[in-house]
Each structure stands twice: as structure tokens, then as C-alpha cells.
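S.K.: File name work-v5.cif; file contents mmCIF, C-alpha atoms; full text below.
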data_input
#
loop_
_atom_site.label_atom_id
_atom_site.label_comp_id
_atom_site.auth_asym_id
_atom_site.auth_seq_id
_atom_site.Cartn_x
_atom_site.Cartn_y
_atom_site.Cartn_z
CA GLY G 10 19.58 10.31 34.93
CA ALA G 11 21.61 13.05 36.55
CA VAL G 12 19.72 16.28 37.10
CA VAL G 13 21.11 19.75 37.66
CA SER G 14 18.84 22.60 38.68
CA GLN G 15 19.42 26.33 38.46
CA HIS G 16 17.60 29.12 40.21
CA PRO G 17 16.31 31.58 39.24
CA SER G 18 15.53 30.80 35.61
CA ARG G 19 15.08 34.46 34.77
CA VAL G 20 16.00 37.66 36.57
CA ILE G 21 15.66 41.31 35.72
CA CYS G 22 17.50 43.79 37.89
CA LYS G 23 18.58 47.41 37.99
CA SER G 24 22.10 48.46 37.19
CA GLY G 25 24.32 48.40 40.28
CA THR G 26 22.56 45.60 42.10
CA SER G 27 23.98 42.14 42.76
CA VAL G 28 22.38 38.93 41.60
CA LYS G 29 22.95 35.43 42.97
CA ILE G 30 22.40 32.32 40.87
CA GLU G 31 22.26 28.86 42.45
CA CYS G 32 23.29 25.62 40.81
CA ARG G 33 22.42 22.29 42.43
CA SER G 34 23.13 18.71 41.49
CA LEU G 35 19.97 16.93 42.62
CA ASP G 36 20.86 13.27 42.54
CA PHE G 37 24.64 13.09 42.55
CA GLN G 38 27.56 14.73 44.26
CA ALA G 39 29.83 16.97 42.27
CA THR G 40 33.23 18.01 43.54
CA THR G 41 33.57 20.15 40.44
CA MET G 42 31.03 22.47 38.87
CA PHE G 43 31.47 24.91 36.03
CA TRP G 44 29.94 28.21 35.06
CA TYR G 45 29.40 29.24 31.44
CA ARG G 46 28.09 32.30 29.72
CA GLN G 47 26.27 32.30 26.39
CA PHE G 48 25.46 35.29 24.22
CA PRO G 49 22.66 35.10 21.62
CA LYS G 50 23.47 32.90 18.65
CA GLN G 51 26.87 32.02 20.12
CA SER G 52 28.49 29.06 21.78
CA LEU G 53 29.08 28.54 25.47
CA MET G 54 32.09 30.27 26.96
CA LEU G 55 33.61 28.80 30.12
CA MET G 56 33.88 31.41 32.86
CA ALA G 57 35.19 29.49 35.85
CA THR G 58 35.69 26.16 37.54
CA SER G 59 34.10 25.79 40.96
CA ASN G 60 35.76 23.29 43.30
CA GLU G 61 34.09 22.20 46.52
CA GLY G 62 36.00 23.49 49.51
CA SER G 63 38.47 25.62 47.59
CA LYS G 64 38.65 28.80 45.59
CA ALA G 65 37.28 28.92 42.11
CA THR G 66 39.62 29.18 39.16
CA TYR G 67 38.71 31.72 36.52
CA GLU G 68 39.33 31.72 32.81
CA GLN G 69 41.44 34.45 31.29
CA GLY G 70 39.56 37.70 30.98
CA VAL G 71 36.89 36.87 33.56
CA GLU G 72 36.89 39.27 36.51
CA LYS G 73 36.86 37.29 39.75
CA ASP G 74 35.66 40.29 41.75
CA LYS G 75 32.74 40.76 39.39
CA PHE G 76 31.70 37.11 39.30
CA LEU G 77 31.95 35.63 42.80
CA ILE G 78 31.73 31.86 43.00
CA ASN G 79 31.14 29.80 46.13
CA HIS G 80 31.02 26.01 46.16
CA ALA G 81 29.69 25.41 49.64
CA SER G 82 28.86 21.74 49.39
CA LEU G 83 29.07 18.75 47.07
CA THR G 84 25.69 19.66 45.58
CA LEU G 85 25.63 23.47 45.52
CA SER G 86 27.58 26.18 43.74
CA THR G 87 26.56 29.82 43.55
CA LEU G 88 27.51 32.59 41.14
CA THR G 89 27.02 36.16 42.27
CA VAL G 90 27.19 38.89 39.67
CA THR G 91 28.21 41.94 41.68
CA SER G 92 27.27 45.49 40.77
CA ALA G 93 25.64 44.29 37.59
CA HIS G 94 25.65 46.46 34.47
CA PRO G 95 23.78 46.10 31.19
CA GLU G 96 26.81 44.45 29.56
CA ASP G 97 26.48 41.62 32.09
CA SER G 98 23.13 40.70 30.59
CA SER G 99 23.48 37.18 29.25
CA PHE G 100 22.44 33.56 29.62
CA TYR G 101 24.37 31.90 32.43
CA ILE G 102 24.58 28.11 32.54
CA CYS G 103 26.12 25.87 35.16
CA SER G 104 27.22 22.27 34.91
CA ALA G 105 28.15 19.58 37.40
CA ARG G 106 30.69 16.89 36.68
CA SER G 107 29.97 13.37 37.81
CA THR G 108 32.73 11.15 39.11
CA GLY G 109 33.58 7.59 38.20
CA PRO G 110 35.08 5.94 35.11
CA ALA G 111 33.06 8.09 32.68
CA PRO G 112 33.00 11.57 34.18
CA THR G 113 30.21 13.42 32.43
CA GLN G 114 29.09 17.01 32.67
CA TYR G 115 25.38 17.62 33.19
CA PHE G 116 23.98 21.06 32.60
CA GLY G 117 21.43 23.16 34.38
CA PRO G 118 18.59 24.84 32.46
CA GLY G 119 20.29 28.24 32.55
CA THR G 120 19.51 31.67 33.99
CA ARG G 121 18.66 34.59 31.77
CA LEU G 122 19.92 37.80 33.35
CA THR G 123 18.73 41.18 32.12
CA VAL G 124 20.27 44.27 33.66
CA LEU G 125 18.37 47.49 33.02
CA GLY K 24 44.33 25.91 23.84
CA ILE K 25 42.45 23.18 22.10
CA GLN K 26 40.41 24.11 19.03
CA VAL K 27 37.01 22.57 18.34
CA GLU K 28 35.46 23.03 14.93
CA GLN K 29 31.99 21.91 13.97
CA SER K 30 30.52 21.59 10.51
CA PRO K 31 28.31 22.49 8.89
CA PRO K 32 27.37 25.65 10.82
CA ASP K 33 23.79 25.47 9.54
CA LEU K 34 21.72 22.64 8.15
CA ILE K 35 18.18 22.54 6.80
CA LEU K 36 16.52 19.17 6.32
CA GLN K 37 13.18 17.86 5.25
CA GLU K 38 11.49 15.68 7.82
CA GLY K 39 12.58 12.07 7.38
CA ALA K 40 16.01 12.87 5.99
CA ASN K 41 19.30 11.71 7.50
CA SER K 42 22.24 13.92 8.42
CA THR K 43 25.81 13.81 9.67
CA LEU K 44 27.35 16.46 11.86
CA ARG K 45 31.11 16.63 12.28
CA CYS K 46 33.38 17.77 15.10
CA ASN K 47 37.14 18.16 14.63
CA PHE K 48 39.45 18.81 17.55
CA SER K 49 43.09 19.77 17.65
CA ASP K 50 44.49 17.80 20.60
CA SER K 51 44.10 14.52 22.48
CA VAL K 52 40.99 14.40 24.64
CA ASN K 53 39.79 12.65 27.79
CA ASN K 54 36.17 13.35 27.13
CA LEU K 55 33.93 14.27 24.24
CA GLN K 56 30.26 15.00 24.65
CA TRP K 57 27.50 15.83 22.18
CA PHE K 58 24.63 18.05 23.29
CA HIS K 59 21.38 19.30 21.85
CA GLN K 60 20.35 22.78 23.00
CA ASN K 61 16.60 23.13 22.84
CA PRO K 62 14.79 26.42 22.09
CA TRP K 63 14.58 27.21 25.83
CA GLY K 64 18.34 26.95 26.20
CA GLN K 65 18.54 23.62 28.01
CA LEU K 66 21.53 21.51 27.04
CA ILE K 67 20.51 17.90 26.70
CA ASN K 68 23.22 15.25 26.93
CA LEU K 69 23.23 13.07 23.85
CA PHE K 70 26.46 11.10 24.14
CA TYR K 71 29.56 10.76 26.27
CA ILE K 72 31.90 9.37 23.62
CA PRO K 73 35.67 9.92 23.93
CA SER K 74 36.15 7.00 21.54
CA GLY K 75 34.18 4.31 19.74
CA THR K 76 30.58 4.17 18.59
CA LYS K 77 27.31 4.48 20.46
CA GLN K 78 23.70 4.44 19.43
CA ASN K 79 20.58 5.75 21.09
CA GLY K 80 17.41 5.40 19.04
CA ARG K 81 17.67 7.48 15.87
CA LEU K 82 20.94 9.03 17.00
CA SER K 83 24.37 7.53 16.86
CA ALA K 84 27.87 8.87 17.32
CA THR K 85 31.36 7.79 16.43
CA THR K 86 34.62 9.22 17.70
CA VAL K 87 37.94 8.35 16.08
CA ALA K 88 40.28 9.66 18.73
CA THR K 89 43.47 8.91 16.80
CA GLU K 90 42.24 11.10 13.93
CA ARG K 91 40.70 13.70 16.23
CA TYR K 92 37.16 13.83 14.98
CA SER K 93 33.68 12.79 15.97
CA LEU K 94 30.50 12.35 13.95
CA LEU K 95 26.88 12.59 15.06
CA TYR K 96 24.34 10.82 12.88
CA ILE K 97 20.68 11.70 12.92
CA SER K 98 18.41 9.34 11.03
CA SER K 99 14.80 9.88 10.01
CA SER K 100 14.89 13.43 11.33
CA GLN K 101 11.84 14.93 13.01
CA THR K 102 10.86 18.54 13.57
CA THR K 103 11.61 18.10 17.25
CA ASP K 104 15.26 17.49 16.33
CA SER K 105 15.56 21.17 15.44
CA GLY K 106 17.94 23.22 17.55
CA VAL K 107 21.64 23.67 18.04
CA TYR K 108 23.97 20.70 18.36
CA PHE K 109 27.20 21.21 20.24
CA CYS K 110 30.29 19.10 20.49
CA ALA K 111 32.47 19.72 23.55
CA VAL K 112 35.81 18.22 24.48
CA GLU K 113 37.97 17.93 27.57
CA ARG K 114 41.63 18.19 26.75
CA LYS K 115 43.69 15.25 28.02
CA ALA K 116 46.63 17.39 29.15
CA GLY K 117 46.04 18.80 32.62
CA ASN K 118 42.96 16.68 33.37
CA THR K 119 41.03 19.76 34.48
CA GLY K 120 37.58 18.52 33.56
CA LYS K 121 36.95 21.69 31.53
CA LEU K 122 34.79 21.28 28.47
CA ILE K 123 35.58 23.44 25.46
CA PHE K 124 32.68 23.89 23.10
CA GLY K 125 32.58 24.11 19.35
CA GLN K 126 30.51 26.81 17.69
CA GLY K 127 27.61 24.47 17.11
CA THR K 128 25.51 23.29 14.17
CA THR K 129 22.08 24.85 13.89
CA LEU K 130 19.65 22.29 12.54
CA GLN K 131 16.23 23.12 11.16
CA VAL K 132 13.95 20.24 10.23
CA LYS K 133 11.03 21.25 8.07
CA PRO K 134 7.74 19.33 8.04
#
Kindly transcribe the structure held in the file into C-alpha cells.

M.R.:
Amino acid sequence: GAVVSQHPSRVICKSGTSVKIECRSLDFQATTMFWYRQFPKQSLMLMATSNEGSKATYEQGVEKDKFLINHASLTLSTLTVTSAHPEDSSFYICSARSTGPAPTQYFGPGTRLTVL
Amino acid sequence: GIQVEQSPPDLILQEGANSTLRCNFSDSVNNLQWFHQNPWGQLINLFYIPSGTKQNGRLSATTVATERYSLLYISSSQTTDSGVYFCAVERKAGNTGKLIFGQGTTLQVKP
């Protein structure tokens, strides 16, 4: 089956630093990847759509300068949380969308970010 | 935007019992997926089911697209079925590929 990896799985950083999270589709190519954020006991909230070779599109209320997204290849998208603050602490999950007649999203295992 | 409502929000079962989870959505969809989020946060794909019925072991799902709802059936539940079940839909209009998630059903299966 389709596998999506995320790295790192857990990161703790000081306030003001930047953190990069990688999302890779391991056995399929994905022209489109997505980034979600999940707070404890809540559902997933879509942050942005990452398109290979073009700029990401952000959902309303998501700061594009705070959450930088780069989709450098058909198997890699990165999310950089810039100048992180404690309120950015959350569980970040990426997904990759397969192509074909039944386009399906496959999710990475998530990255737990804690900003001190 | 499209609304996705799941019910019930919480469900407690005794091992071996059957259950039905429901997902209502407010607009036509291209895609509907059911997921199980395990205790470590990993979302596990259960079904890609924009319409029709599918079965996989003790799980089955039915989507009636014309009436805008989907059902997930769990039979002979096991403690390992515990976790949060999410329904997510991709709105047909715009064909963006974006999945909008419901609030989830938290299932606890007791031994």
C-alpha cells in the first residue's frame, strides 16, 4: 500500500527558532500534498495545499509567512514553522494524494511540535 | 464550505458487539474516506468510498451519495478497534482535492 513518511516525529524547540518538517511519499508520486494541524481531542484542520512546482495555497486564517511550504519534488514537501512560539505547539500531519481513477489521500504519522 | 457531521461523538462497546457510525455531509462530493486514528496519532485508511458499499474483514462501509451520508459498520468489535474514527470528504465543486474532516467518533471497546 501507499506509504507516507514524516520527519521528525517529535521536536521540542525554544521560542523564536524555526522548525522544518519533511513529508515524503515513499512508493508513489504525489503532485499534491496537504498539511493539517490537530489540537488535542480535536479534528484535523487543513492548513494548506502543497503543489509540486508551484506556490502553496493556504486556508483562510493561516499565515503563509509563518508556515512556509515547499514542494520541491513529486515525493517531498516541507513545512517550516518560522519563529515558533508556544501557541504553535501542535500535532502536524501531512498527506499525499495519489493520482488515477480513485485519488486517495494517504497520511503521514504526524509530527508533534512543542515550543518552550 | 461543506459541512461534515459525524455521530455519535462517543461510543462505548463491549468486546464482540457491533456498531454503526454515521457521517452526513452537506454538498456533493468527489471523494469520501474513512480513517481510524490510532493512539499514536497515525491515520489509517479504512475506505475510499464516494459511493456504494465495500467490505474489508469486520469493517464495511456504505455511502449513499444522493442522500449525502455514509455509514461505517464495525462487527464483532475488538479492543484494538478503539480510537477515533474520522470521515472526510472532498467537495465536488472546484475539484481541489482538499479533504474536510468531521469531528470524529471516539470509540472505546471494553474487554

S.K.: Taking the file as shown, what set of residues would the PyMOL selection byres ((chain K) within 7 of (chain G)) give back, as an MDAnalysis selection string?

M.R.: chainID K and resid 64:66 71 124:127

S.K.: Which residues are near Thr129 (chain K)? Cut-off 8 Å, all atoms listed in the file, ignore same chain within fewer than 3 positions. Put them as number ranges by chain.

M.R.: K: 32-34, 105-108

S.K.: Out of K:Leu44, K:Ile25, K:Leu95, K:Val52, which residue has the shortest atom-to-atom distance to Ser74 (chain K) when counting all atoms listed in the file?

M.R.: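 Result for the nearest residue to Ser74 (chain K): K:Val52.
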
S.K.: Quick one: apply the PyMOL selection byres ((chain G and resi 77-94) around 8) to the file and drop the selected residues here as a count of residues only.

M.R.: 36

S.K.: List the residues matched by the PyMOL selection byres ((chain K and resi 116) around 8) in the displayed structure as a list in words, ordered by chain and then by residue number.

M.R.: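 So the PyMOL selection byres ((chain K and resi 116) around 8) ends up selecting Ser51, Val52, Arg114, Lys115, Gly117 and Asn118 of chain K.
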
S.K.: Can you tell me how far CA of Asn53 (chain K) sits from CA of Pro31 (chain K), in Å to one decimal?

M.R.: 24.2 Å

S.K.: Between K:Thr119, K:Thr128, K:Thr85, K:Ser100, which one has atoms that come closest to Ser42 (chain K), using all atoms listed in the file?

M.R.: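 Of the candidates, the smallest distance to Ser42 (chain K) is held by K:Ser100.
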
S.K.: Using only C-alpha atoms, which residues sit within 6 Å of Leu122 (chain K) once same-chain residues fewer than 6 positions away are excluded, as a list of chain:residue names?

M.R.: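 My list of contacting residues is K:Ala111, K:Val112, K:Glu113.
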